[in-house]
$ cat coords-v3.tsv   # TSV, C-alpha atoms
chain	number	residue	atom	x	y	z
A	1	MET	CA	20.45	-40.25	-33.07
A	2	PRO	CA	22.35	-36.93	-33.11
A	3	LEU	CA	20.53	-33.90	-31.83
A	4	LYS	CA	19.21	-31.41	-34.36
A	5	ASN	CA	20.53	-27.91	-33.70
A	6	PRO	CA	21.77	-28.64	-30.16
A	7	SER	CA	21.96	-25.66	-27.82
A	8	CYS	CA	22.62	-24.87	-24.19
A	9	VAL	CA	19.76	-26.93	-22.74
A	10	ASN	CA	21.42	-30.03	-24.23
A	11	CYS	CA	24.72	-29.39	-22.43
A	12	PRO	CA	25.72	-32.16	-19.98
A	13	THR	CA	28.40	-30.07	-18.23
A	14	VAL	CA	27.46	-26.37	-17.90
A	15	ASN	CA	31.21	-25.81	-17.69
A	16	CYS	CA	30.77	-22.24	-18.91
A	17	ASN	CA	30.14	-21.46	-15.25
A	18	PHE	CA	33.74	-22.40	-14.39
A	19	GLU	CA	37.30	-21.90	-15.62
A	20	ASN	CA	39.60	-24.30	-17.46
A	21	ARG	CA	36.96	-26.87	-18.35
A	22	ASP	CA	36.14	-28.85	-21.48
A	23	PHE	CA	33.08	-28.07	-23.57
A	24	PRO	CA	30.86	-30.19	-25.83
A	25	PRO	CA	31.45	-29.76	-29.59
A	26	PHE	CA	28.22	-27.79	-30.01
A	27	CYS	CA	29.00	-25.30	-27.21
A	28	LEU	CA	27.75	-21.89	-28.28
A	29	SER	CA	30.65	-20.17	-26.53
A	30	MET	CA	33.04	-22.07	-28.75
A	31	HIS	CA	31.05	-21.16	-31.86
A	32	ALA	CA	30.60	-17.45	-31.10
A	33	THR	CA	32.31	-15.40	-33.78
A	34	GLU	CA	34.74	-12.63	-32.98
A	35	GLU	CA	32.20	-10.20	-34.40
A	36	GLN	CA	29.52	-11.49	-32.01
A	37	ARG	CA	31.89	-11.28	-29.05
A	38	ARG	CA	32.97	-7.77	-30.01
A	39	HIS	CA	29.39	-6.58	-30.46
A	40	ALA	CA	28.36	-7.94	-27.05
A	41	ARG	CA	31.28	-6.28	-25.28
A	42	GLU	CA	30.59	-2.96	-27.01
A	43	GLU	CA	26.96	-3.04	-25.87
A	44	TYR	CA	28.08	-3.19	-22.24
A	45	GLY	CA	28.79	0.50	-22.02
A	46	ASP	CA	27.40	3.32	-19.94
A	47	GLU	CA	24.02	2.29	-18.45
A	48	ASN	CA	24.27	-1.35	-19.48
A	49	LEU	CA	27.66	-1.65	-17.81
A	50	ARG	CA	26.33	-0.09	-14.60
A	51	ILE	CA	23.42	-2.54	-14.60
A	52	LEU	CA	25.70	-5.50	-15.33
A	53	ILE	CA	28.15	-4.67	-12.56
A	54	THR	CA	25.45	-3.79	-10.02
A	55	ALA	CA	23.58	-7.04	-10.72
A	56	THR	CA	26.82	-8.99	-10.26
A	57	ASP	CA	27.45	-7.23	-6.95
A	58	ILE	CA	23.93	-8.09	-5.79
A	59	GLU	CA	24.50	-11.74	-6.69
A	60	PHE	CA	27.79	-11.81	-4.76
A	61	ASP	CA	26.40	-10.11	-1.68
A	62	GLY	CA	22.96	-11.69	-1.48
A	63	ALA	CA	22.92	-15.09	-3.22
A	64	GLY	CA	21.21	-17.58	-0.95
A	65	ARG	CA	20.53	-14.92	1.70
A	66	TRP	CA	18.27	-12.27	0.15
A	67	PRO	CA	14.83	-12.93	-1.36
A	68	ARG	CA	14.20	-11.29	-4.70
A	69	VAL	CA	12.32	-8.41	-3.06
A	70	ARG	CA	15.47	-7.50	-1.13
A	71	GLU	CA	17.61	-7.93	-4.24
A	72	THR	CA	15.32	-5.56	-6.15
A	73	ILE	CA	15.51	-2.94	-3.41
A	74	GLU	CA	19.29	-3.24	-3.17
A	75	PHE	CA	19.65	-3.03	-6.95
A	76	ALA	CA	17.53	0.12	-7.18
A	77	ARG	CA	19.38	1.73	-4.29
A	78	ARG	CA	22.84	0.96	-5.69
A	79	MET	CA	21.81	2.23	-9.12
A	80	GLY	CA	20.85	5.52	-7.52
A	81	TYR	CA	17.19	5.34	-8.52
A	82	THR	CA	14.67	7.38	-6.55
A	83	LYS	CA	11.40	6.84	-8.48
A	84	LEU	CA	10.11	3.30	-8.85
A	85	GLY	CA	7.02	2.12	-10.71
A	86	ILE	CA	4.84	-0.91	-10.05
A	87	ALA	CA	2.90	-2.39	-12.96
A	88	THR	CA	0.47	-4.68	-11.20
A	89	CYS	CA	-2.28	-7.10	-12.04
A	90	VAL	CA	-5.51	-6.23	-10.23
A	91	GLY	CA	-5.35	-9.74	-8.79
A	92	LEU	CA	-2.17	-8.86	-6.89
A	93	MET	CA	-3.17	-5.53	-5.42
A	94	HIS	CA	-2.61	-6.80	-1.87
A	95	GLU	CA	0.89	-8.01	-2.67
A	96	SER	CA	1.65	-4.80	-4.57
A	97	ALA	CA	0.53	-2.71	-1.60
A	98	ILE	CA	2.98	-4.60	0.62
A	99	LEU	CA	5.72	-4.05	-1.96
A	100	ALA	CA	4.95	-0.33	-2.14
A	101	LYS	CA	5.24	-0.04	1.65
A	102	LEU	CA	8.62	-1.81	1.60
A	103	LEU	CA	9.89	0.42	-1.20
A	104	LYS	CA	8.70	3.61	0.51
A	105	ARG	CA	10.25	2.44	3.77
A	106	SER	CA	13.51	2.10	1.86
A	107	GLY	CA	13.30	5.72	0.76
A	108	PHE	CA	11.86	5.44	-2.74
A	109	GLU	CA	9.06	7.40	-4.33
A	110	VAL	CA	6.58	4.83	-5.64
A	111	PHE	CA	3.91	5.10	-8.33
A	112	SER	CA	1.69	2.12	-9.20
A	113	VAL	CA	-0.67	1.40	-12.09
A	114	ALA	CA	-3.09	-1.53	-12.26
A	115	CYS	CA	-3.64	-3.52	-15.43
A	116	LYS	CA	-7.28	-2.49	-15.94
A	117	VAL	CA	-6.45	1.23	-16.07
A	118	GLY	CA	-8.43	3.09	-18.73
A	119	LEU	CA	-11.47	0.79	-18.55
A	120	LEU	CA	-10.82	-0.52	-22.06
A	121	LYS	CA	-13.67	-2.82	-23.02
A	122	LYS	CA	-12.75	-6.23	-24.43
A	123	THR	CA	-15.47	-5.91	-27.03
A	124	GLU	CA	-13.93	-2.59	-28.21
A	125	MET	CA	-10.85	-4.52	-29.26
A	126	GLY	CA	-12.69	-7.20	-31.18
A	127	ILE	CA	-13.06	-9.81	-28.46
A	128	PRO	CA	-16.48	-11.51	-28.76
A	129	ALA	CA	-18.86	-10.85	-25.89
A	130	CYS	CA	-19.11	-14.61	-25.32
A	131	ARG	CA	-15.37	-14.60	-24.44
A	132	THR	CA	-15.41	-11.73	-21.93
A	133	GLY	CA	-16.79	-13.66	-18.96
A	134	SER	CA	-17.73	-11.65	-15.88
A	135	ARG	CA	-14.88	-9.16	-16.38
A	136	PRO	CA	-15.64	-6.88	-19.34
A	137	ASN	CA	-12.50	-4.73	-19.14
A	138	LEU	CA	-9.29	-5.62	-20.94
A	139	CYS	CA	-5.79	-5.31	-19.51
A	140	ASN	CA	-4.14	-2.17	-20.88
A	141	PRO	CA	-0.33	-2.53	-20.67
A	142	VAL	CA	0.30	0.36	-23.09
A	143	LEU	CA	-1.55	2.80	-20.83
A	144	GLN	CA	0.17	1.32	-17.78
A	145	ALA	CA	3.52	2.10	-19.38
A	146	ASP	CA	2.39	5.56	-20.48
A	147	PHE	CA	1.38	6.52	-16.93
A	148	LEU	CA	4.67	5.29	-15.50
A	149	ASN	CA	6.60	7.03	-18.28
A	150	SER	CA	4.83	10.31	-17.58
A	151	HIS	CA	5.64	9.97	-13.88
A	152	GLY	CA	9.33	9.64	-14.68
A	153	THR	CA	9.95	6.29	-13.04
A	154	GLU	CA	13.51	5.01	-13.34
A	155	LEU	CA	12.76	1.32	-12.81
A	156	ASN	CA	9.44	-0.46	-13.29
A	157	ILE	CA	8.57	-3.61	-11.36
A	158	VAL	CA	6.14	-6.10	-12.89
A	159	MET	CA	3.73	-7.71	-10.46
A	160	GLY	CA	1.87	-10.57	-12.12
A	161	LEU	CA	1.02	-9.21	-15.57
A	162	CYS	CA	-0.48	-11.80	-17.92
A	163	VAL	CA	1.62	-13.66	-20.46
A	164	GLY	CA	1.70	-11.36	-23.49
A	165	HIS	CA	0.59	-8.27	-21.62
A	166	ASP	CA	4.00	-8.25	-19.94
A	167	ILE	CA	5.62	-8.24	-23.40
A	168	ILE	CA	3.65	-5.18	-24.47
A	169	PHE	CA	4.35	-3.40	-21.20
A	170	SER	CA	8.10	-3.98	-21.51
A	171	ARG	CA	8.01	-2.77	-25.10
A	172	TYR	CA	6.46	0.59	-24.16
A	173	SER	CA	8.15	1.22	-20.83
A	174	LYS	CA	10.87	3.85	-21.14
A	175	ALA	CA	12.44	2.71	-17.87
A	176	GLY	CA	14.07	-0.65	-17.40
A	177	VAL	CA	11.71	-3.46	-16.37
A	178	THR	CA	12.26	-6.21	-13.82
A	179	THR	CA	9.77	-8.89	-12.84
A	180	LEU	CA	9.12	-9.59	-9.17
A	181	VAL	CA	6.04	-11.82	-9.50
A	182	THR	CA	5.20	-13.95	-12.53
A	183	LYS	CA	1.51	-14.75	-12.77
A	184	ASP	CA	0.52	-18.40	-12.51
A	185	ARG	CA	-3.07	-18.86	-11.46
A	186	VAL	CA	-2.61	-22.59	-10.81
A	187	THR	CA	0.61	-22.69	-8.78
A	188	GLY	CA	0.19	-19.64	-6.57
A	189	HIS	CA	2.43	-17.62	-8.89
A	190	ASN	CA	5.26	-20.15	-8.82
A	191	PRO	CA	5.67	-21.26	-12.47
A	192	ALA	CA	8.72	-23.39	-11.65
A	193	ALA	CA	6.43	-25.77	-9.75
A	194	ALA	CA	4.99	-26.98	-13.06
A	195	LEU	CA	8.52	-27.65	-14.33
A	196	TYR	CA	9.48	-29.61	-11.24
A	197	GLY	CA	6.28	-31.62	-11.57
A	198	ALA	CA	6.26	-31.92	-15.37
A	199	ASP	CA	6.53	-35.72	-15.19
A	200	GLY	CA	4.26	-36.01	-12.19
A	201	TYR	CA	1.41	-33.96	-10.78
A	202	PHE	CA	1.40	-31.39	-13.59
A	203	LYS	CA	1.93	-33.81	-16.47
A	204	ARG	CA	-1.70	-33.91	-17.56
A	205	MET	CA	-2.07	-30.13	-17.26
A	206	LEU	CA	0.92	-29.62	-19.55
A	207	GLU	CA	-0.35	-31.89	-22.32
A	208	ILE	CA	-1.23	-29.72	-25.31
A	209	PRO	CA	-3.73	-31.20	-27.81
A	210	GLU	CA	-2.41	-31.45	-31.37

$ encode --input "coords-v3.tsv" --output "structure tokens"
Amino acid sequence: MPLKNPSCVNCPTVNCNFENRDFPPFCLSMHATEEQRRHAREEYGDENLRILITATDIEFDGAGRWPRVRETIEFARRMGYTKLGIATCVGLMHESAILAKLLKRSGFEVFSVACKVGLLKKTEMGIPACRTGSRPNLCNPVLQADFLNSHGTELNIVMGLCVGHDIIFSRYSKAGVTTLVTKDRVTGHNPAAALYGADGYFKRMLEIPE
């Protein structure tokens, strides 16, 4: 049976990573219009071009040798940033403190804001009291972003914000946002583990009732 709306995850070759290779008929690169190609190239100007080139340099210099923390530090340094923000979950304060020390040791000014800033009550936002558990305060990604914006950070680093809260934070952050730690309460903040074990240990956990 032919695939419906095939896309990149259905590709058996990933030949777009190489030169002079064949591509499946549904390859998006082959179906990109000239207008789409032109628009993408035009968007890589000024700041976007600097980010693109710097990220490529980091990949070339550090792939397989530098952990993401080092890559983040190198990226910020090569971009010429001096003020870095940390948007952290309160559950990762220890890890964020270590990160802040590493960033300061590398010469950056660091400002951090925890997710519960502002003491916004869950019940204030319409969440029933029976759903608040033992933690009455709601995560406040808008205020996190506002504090970092007012401090003039040039790059904000996400440390374990909840799914959804990270979306709001990125939407309101004036500075670019990169994620260092992705929250996963089950896998020790390693979401890929559930993908590797999707047909094994994690199979039952990933079953979603209809």

$ closest_residue --input "coords-v3.tsv" --among "A:Ser106, A:Asn190, A:Asn10, A:Ser170" --to "A:Leu148" --atoms "all atoms listed in the file"
A:Ser170

$ closest_residue --input "coords-v3.tsv" --among "A:Val69, A:Leu103, A:Ile58, A:Leu138" --to "A:Met125" --atoms "only C-alpha atoms"
A:Leu138

$ closest_residue --input "coords-v3.tsv" --among "A:Cys11, A:Ala129, A:Leu52, A:Leu92" --to "A:Gly188" --atoms "all atoms listed in the file"
A:Leu92

$ atom_distance --input "coords-v3.tsv" --atom1 "atom CA of A:Cys16" --atom2 "atom CA of A:His39"
19.5 Å

$ axis_aligned_box --input "coords-v3.tsv" --around "stretch 26-37 of chain A" --padding-each-side "6 Å" --output "AutoDock Vina command-line options"
--center_x 31.2 --center_y -19.0 --center_z -30.5 --size_x 19.0 --size_y 29.6 --size_z 19.9

$ closest_residue --input "coords-v3.tsv" --among "A:Leu143, A:Val9, A:Leu84, A:Cys115" --to "A:Cys162" --atoms "only C-alpha atoms"
A:Cys115

$ atom_distance --input "coords-v3.tsv" --atom1 "atom CA of A:Met159" --atom2 "atom CA of A:Arg171"
16.0 Å

$ closest_residue --input "coords-v3.tsv" --among "A:Tyr81, A:Phe26, A:Phe18, A:Phe169" --to "A:Lys4" --atoms "all atoms listed in the file"
A:Phe26

$ residues_around --input "coords-v3.tsv" --residues "A:Lys83" --least-positions-apart "3" --cutoff "6 Å" --atoms "all atoms listed in the file" --output "PyMOL selection string"
chain A and resi 108-110+153-154

$ closest_residue --input "coords-v3.tsv" --among "A:Lys122, A:Arg77, A:Lys116, A:Arg105" --to "A:Val142" --atoms "only C-alpha atoms"
A:Lys116

$ atom_distance --input "coords-v3.tsv" --atom1 "atom CA of A:Ala97" --atom2 "atom CA of A:Asn149"
20.2 Å

$ residues_around --input "coords-v3.tsv" --residues "A:Ala194" --least-positions-apart "2" --cutoff "12 Å" --atoms "only C-alpha atoms" --output "compact mmCIF listing (two decimals) with C-alpha atoms, in the frame of the given file"
# COMPACT_ATOMS: atom_id res chain seq x y z
CA ASP A 184 0.52 -18.40 -12.51
CA ARG A 185 -3.07 -18.86 -11.46
CA VAL A 186 -2.61 -22.59 -10.81
CA THR A 187 0.61 -22.69 -8.78
CA GLY A 188 0.19 -19.64 -6.57
CA HIS A 189 2.43 -17.62 -8.89
CA ASN A 190 5.26 -20.15 -8.82
CA PRO A 191 5.67 -21.26 -12.47
CA ALA A 192 8.72 -23.39 -11.65
CA TYR A 196 9.48 -29.61 -11.24
CA GLY A 197 6.28 -31.62 -11.57
CA ALA A 198 6.26 -31.92 -15.37
CA ASP A 199 6.53 -35.72 -15.19
CA GLY A 200 4.26 -36.01 -12.19
CA TYR A 201 1.41 -33.96 -10.78
CA PHE A 202 1.40 -31.39 -13.59
CA LYS A 203 1.93 -33.81 -16.47
CA ARG A 204 -1.70 -33.91 -17.56
CA MET A 205 -2.07 -30.13 -17.26
CA LEU A 206 0.92 -29.62 -19.55
CA GLU A 207 -0.35 -31.89 -22.32

$ residues_around --input "coords-v3.tsv" --residues "A:Lys121" --least-positions-apart "2" --cutoff "8 Å" --atoms "only C-alpha atoms" --output "PyMOL selection string"
chain A and resi 119+123-125+136-138

$ write_last_selection --input "coords-v3.tsv" --atoms "C-alpha atoms" --output "short mmCIF file (atom, residue, chain, number, x, y, z; two decimals), in the frame of the given file"
data_model
loop_
_atom_site.label_atom_id
_atom_site.label_comp_id
_atom_site.auth_asym_id
_atom_site.auth_seq_id
_atom_site.Cartn_x
_atom_site.Cartn_y
_atom_site.Cartn_z
CA LEU A 119 -11.47 0.79 -18.55
CA THR A 123 -15.47 -5.91 -27.03
CA GLU A 124 -13.93 -2.59 -28.21
CA MET A 125 -10.85 -4.52 -29.26
CA PRO A 136 -15.64 -6.88 -19.34
CA ASN A 137 -12.50 -4.73 -19.14
CA LEU A 138 -9.29 -5.62 -20.94
#

$ build_atoms --input "coords-v3.tsv" --residues "stretch 50-61 of chain A" --atoms "all heavy atoms" --output "compact mmCIF listing (two decimals), keeping the file's coordinate frame"
# COMPACT_ATOMS: atom_id res chain seq x y z
N ARG A 50 26.72 -0.33 -15.99
CA ARG A 50 26.33 -0.09 -14.60
C ARG A 50 25.36 -1.17 -14.11
O ARG A 50 25.50 -1.68 -12.99
CB ARG A 50 25.69 1.28 -14.44
CG ARG A 50 26.65 2.46 -14.58
CD ARG A 50 25.91 3.75 -14.30
NE ARG A 50 25.41 3.78 -12.93
CZ ARG A 50 24.20 4.17 -12.58
NH1 ARG A 50 23.32 4.54 -13.50
NH2 ARG A 50 23.83 4.18 -11.32
N ILE A 51 24.40 -1.50 -14.95
CA ILE A 51 23.42 -2.54 -14.60
C ILE A 51 24.12 -3.88 -14.43
O ILE A 51 23.87 -4.61 -13.46
CB ILE A 51 22.31 -2.62 -15.66
CG1 ILE A 51 21.44 -1.36 -15.63
CG2 ILE A 51 21.45 -3.87 -15.44
CD1 ILE A 51 20.43 -1.29 -16.75
N LEU A 52 25.00 -4.22 -15.35
CA LEU A 52 25.70 -5.50 -15.33
C LEU A 52 26.52 -5.64 -14.05
O LEU A 52 26.46 -6.67 -13.36
CB LEU A 52 26.60 -5.61 -16.56
CG LEU A 52 27.26 -6.96 -16.81
CD1 LEU A 52 26.23 -7.98 -17.27
CD2 LEU A 52 28.36 -6.82 -17.85
N ILE A 53 27.29 -4.61 -13.73
CA ILE A 53 28.15 -4.67 -12.56
C ILE A 53 27.33 -4.67 -11.27
O ILE A 53 27.62 -5.43 -10.33
CB ILE A 53 29.14 -3.49 -12.57
CG1 ILE A 53 30.13 -3.65 -13.72
CG2 ILE A 53 29.88 -3.38 -11.23
CD1 ILE A 53 31.07 -2.48 -13.91
N THR A 54 26.29 -3.84 -11.21
CA THR A 54 25.45 -3.79 -10.02
C THR A 54 24.76 -5.13 -9.78
O THR A 54 24.69 -5.62 -8.64
CB THR A 54 24.40 -2.67 -10.14
OG1 THR A 54 25.07 -1.42 -10.35
CG2 THR A 54 23.56 -2.58 -8.87
N ALA A 55 24.24 -5.74 -10.85
CA ALA A 55 23.58 -7.04 -10.72
C ALA A 55 24.56 -8.10 -10.22
O ALA A 55 24.20 -8.96 -9.41
CB ALA A 55 22.98 -7.45 -12.06
N THR A 56 25.80 -8.04 -10.69
CA THR A 56 26.82 -8.99 -10.26
C THR A 56 27.16 -8.79 -8.78
O THR A 56 27.34 -9.76 -8.03
CB THR A 56 28.09 -8.85 -11.11
OG1 THR A 56 27.74 -9.03 -12.49
CG2 THR A 56 29.13 -9.89 -10.73
N ASP A 57 27.21 -7.53 -8.36
CA ASP A 57 27.45 -7.23 -6.95
C ASP A 57 26.32 -7.76 -6.07
O ASP A 57 26.55 -8.31 -4.98
CB ASP A 57 27.59 -5.72 -6.74
CG ASP A 57 28.93 -5.18 -7.23
OD1 ASP A 57 29.86 -5.99 -7.42
OD2 ASP A 57 29.03 -3.96 -7.43
N ILE A 58 25.09 -7.60 -6.54
CA ILE A 58 23.93 -8.09 -5.79
C ILE A 58 24.01 -9.62 -5.65
O ILE A 58 23.74 -10.17 -4.58
CB ILE A 58 22.61 -7.70 -6.49
CG1 ILE A 58 22.42 -6.18 -6.52
CG2 ILE A 58 21.41 -8.37 -5.82
CD1 ILE A 58 22.30 -5.53 -5.17
N GLU A 59 24.37 -10.28 -6.73
CA GLU A 59 24.50 -11.74 -6.69
C GLU A 59 25.56 -12.14 -5.66
O GLU A 59 25.35 -13.07 -4.87
CB GLU A 59 24.88 -12.27 -8.07
CG GLU A 59 25.10 -13.77 -8.11
CD GLU A 59 25.69 -14.25 -9.42
OE1 GLU A 59 26.07 -13.40 -10.25
OE2 GLU A 59 25.79 -15.47 -9.60
N PHE A 60 26.69 -11.46 -5.67
CA PHE A 60 27.79 -11.81 -4.76
C PHE A 60 27.39 -11.58 -3.31
O PHE A 60 27.66 -12.40 -2.44
CB PHE A 60 29.04 -10.97 -5.10
CG PHE A 60 30.24 -11.32 -4.26
CD1 PHE A 60 31.04 -12.40 -4.59
CD2 PHE A 60 30.55 -10.57 -3.14
CE1 PHE A 60 32.15 -12.73 -3.81
CE2 PHE A 60 31.64 -10.89 -2.34
CZ PHE A 60 32.45 -11.97 -2.69
N ASP A 61 26.73 -10.47 -3.05
CA ASP A 61 26.40 -10.11 -1.68
C ASP A 61 25.19 -10.86 -1.12
O ASP A 61 25.12 -11.13 0.09
CB ASP A 61 26.12 -8.61 -1.57
CG ASP A 61 27.36 -7.77 -1.80
OD1 ASP A 61 28.48 -8.29 -1.62
OD2 ASP A 61 27.21 -6.58 -2.17
